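The next block holds one structure in the form of structure tokens; read it before the comments.
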Amino acid sequence: MSIARQPGDNQRNQPNQQPDRRLAMAFASRFLAVSLAASIPLRSALLLPARAARRRPLLVRAQSAAARSPAPPDAKDFLVRNKRNDVQVLSCPSPAVLEQGLLELSSEPHICVAGESNAGKSSLINHLLVKSNLARASSVAGKTKAVDLMLVNQRLVLADLPGLPSRDHQVEYQWETSWRPLVLEYVRRCGPLRAMLYVHDVRWKVSSLCRDFLADIQEAGVPVILILTKDDRLEARGTETQHTLRVKQARRIKNSLGLTDSVHLHYSVDNSLPASRKARRQLLRYIESLAAADDKDECRELLSAISAKKRGDPQPAATQDAALG
């Protein structure tokens, strides 16, 4: 006994087959794209066109049109230029990606940048590299959620580390459970790491969390340069001058952080101030010398010589030649 088909049966069944074919084609295309992206080394992927780079969600391109243009003739010998810096960012939000990133960027010297949220860490990086929004500066804590490895002019890696919890304990849970272990993993496993720039707002007191963190950094044998930011916002009171207040604040912060004999630098990102431009030049000289060192021990000796010179301590002739500033 045959069943008579209704006139509209074929039309009702055909649309149900179309989504299945589209889904199968989309799955095959997606599988091919993922397979292709997974086969490309991270360093090679840095140079992929933006459309191909989007297949790797952990890879963030930060190269502007100006950065792709040729460098000025007088800037080729410097690690960081005054303009047209070619910067490419590899974001590492997990230990597995960080391990691969360290393998890919193991031939260049590393300088890492750490500090409390809202202390001016991102603004410092943008000011150093002459970029507007390379590092995400914001009044909201926790904008940096990964170890961002910034390859600068194919010669230097600046590592932007997640910020420590701020004054109001924002992102404290994320720091303790995810970001702090990731930061310490980077510090302990990065062979070409030369030094840390630790950023601290010159107006703030030092928290116990910051002291504990820097104790871990020093235990790992990483030399530290203390960057005291927002120096232009210090307000002298009474008979106390701004210079006197600056010296007093620097001494208090260094003692609290256990960096009594370390090099420190007052910093402001206001380019209209001569002191701000001078601080940038000085910090870039430090970075040049640290990147040229063979290892952390040589960097530590270099920074000790700089600190001794600033204090006026007598030094051997060879050490004087190595000291900066």
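Every chain in the structure tokens takes a letter, A first, then B, and so on in the order presented; its residues are numbered from 1, and the ligands are numbered from 1 following the presented order.
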Requested in this report: Tell me which protein, DNA and RNA residues are within 12 Å of Arg180 of chain A, counting only C-alpha atoms, leaving out same-chain ones fewer than 3 positions away, and put them as a PyMOL selection string.
Outcome: chain A and resi 93-95+114-115+145-147+161-165+171-177+183-187+209-210+212-214+216-217
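Looking only at segment 163-273 of chain A, the set that DSSP places in strand (DSSP E) from backbone geometry is Leu193, Arg194, Ala195, Met196, Leu197, Tyr198, Val199, His200, Asp201, Val224, Ile225, Leu226, Ile227, Leu228, Thr229, His264, Leu265 and His266 of chain A.
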Save the residues we just selected, C-alpha atoms, as a CSV table (one decimal), in the first residue's frame?
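selection34.csv, written as the output of this step:
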chain,number,residue,atom,x,y,z
A,193,LEU,CA,65.6,38.9,31.3
A,194,ARG,CA,68.1,41.6,32.3
A,195,ALA,CA,66.2,43.8,34.8
A,196,MET,CA,62.8,45.0,36.0
A,197,LEU,CA,61.4,48.5,35.9
A,198,TYR,CA,59.2,48.7,39.0
A,199,VAL,CA,56.7,51.6,38.7
A,200,HIS,CA,55.4,53.3,41.9
A,201,ASP,CA,53.4,56.5,42.2
A,224,VAL,CA,65.3,46.3,39.9
A,225,ILE,CA,65.2,50.0,38.9
A,226,LEU,CA,62.6,51.9,40.8
A,227,ILE,CA,60.6,54.3,38.6
A,228,LEU,CA,58.8,57.0,40.7
A,229,THR,CA,56.0,58.2,38.4
A,264,HIS,CA,65.7,55.1,41.2
A,265,LEU,CA,64.4,57.6,38.7
A,266,HIS,CA,61.7,60.3,39.0
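Neighbours of segment 291-293 of chain A closer than or equal to 8 Å, with only C-alpha atoms counted and sequence neighbours fewer than 6 positions away skipped, come out as Pro109, His110, Ile111, Leu156, Arg194 and Cys299 of chain A.
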Export of prior selection with C-alpha atoms as a short mmCIF file (atom, residue, chain, number, x, y, z; two decimals), in the first residue's frame:
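Saved the output as part-v8.cif:
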data_model
loop_
_atom_site.label_atom_id
_atom_site.label_comp_id
_atom_site.auth_asym_id
_atom_site.auth_seq_id
_atom_site.Cartn_x
_atom_site.Cartn_y
_atom_site.Cartn_z
CA PRO A 109 67.25 40.84 25.77
CA HIS A 110 64.16 41.33 27.94
CA ILE A 111 63.29 44.24 30.24
CA LEU A 156 64.53 44.33 22.42
CA ARG A 194 68.06 41.61 32.31
CA CYS A 299 73.35 44.17 35.16
#
Query - Every residue of segment 77-289 of chain A that DSSP places in helix (DSSP H, G or I), as JSON, numbers by chain - result: {"A": [95, 96, 97, 98, 99, 100, 101, 102, 103, 104, 121, 122, 123, 124, 125, 126, 127, 128, 129, 172, 173, 174, 175, 176, 177, 178, 179, 180, 181, 182, 183, 184, 185, 186, 187, 188, 189, 208, 209, 210, 211, 212, 213, 214, 215, 216, 217, 218, 219, 231, 232, 233, 242, 243, 244, 245, 246, 247, 248, 249, 250, 251, 252, 253, 254, 255, 256, 257, 274, 275, 276, 277, 278, 279, 280, 281, 282, 283, 284, 285, 286, 287, 288, 289]}
Query - Residues near Asp231 of chain A, cut-off 9 Å, only C-alpha atoms, skip fewer than 5 positions along chain, as an NGL selection string - result: :A and (201-203 or 246 or 266-268 or 276)
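Interatomic distance, atom CA of Cys112 of chain A against atom CA of Gly191 of chain A: 12.4 Å.
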Report summary line: Atom pair atom CA of Cys190 of chain A + atom CA of Ala159 of chain A, distance 10.6 Å
Report task. Determine the nearest neighbour of Arg300 of chain A from the options A:Ser256, A:Gln218, A:Asn133, A:Thr239, counting only C-alpha atoms. Result ->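 Smallest separation from Arg300 of chain A among the options: A:Gln218.
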Requested in this report: Enter the distance from atom CA of Val80 of chain A to atom CA of Val152 of chain A, in Å, rounded to one decimal.
Outcome: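 These atoms are spaced 7.1 Å apart.
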Query raised in the report: From the set A:Asn82, A:Asn255, A:Ser122, A:Gln282, which residue has the shortest atom-to-atom contact distance to Val206 of chain A, counting only C-alpha atoms?
Result: A:Asn255
**Report entry** Pick from A:Val263, A:Leu273, A:Leu105, A:Ala215, whichever lies nearest to Leu302 of chain A using only C-alpha atoms
**Finding:** A:Val263
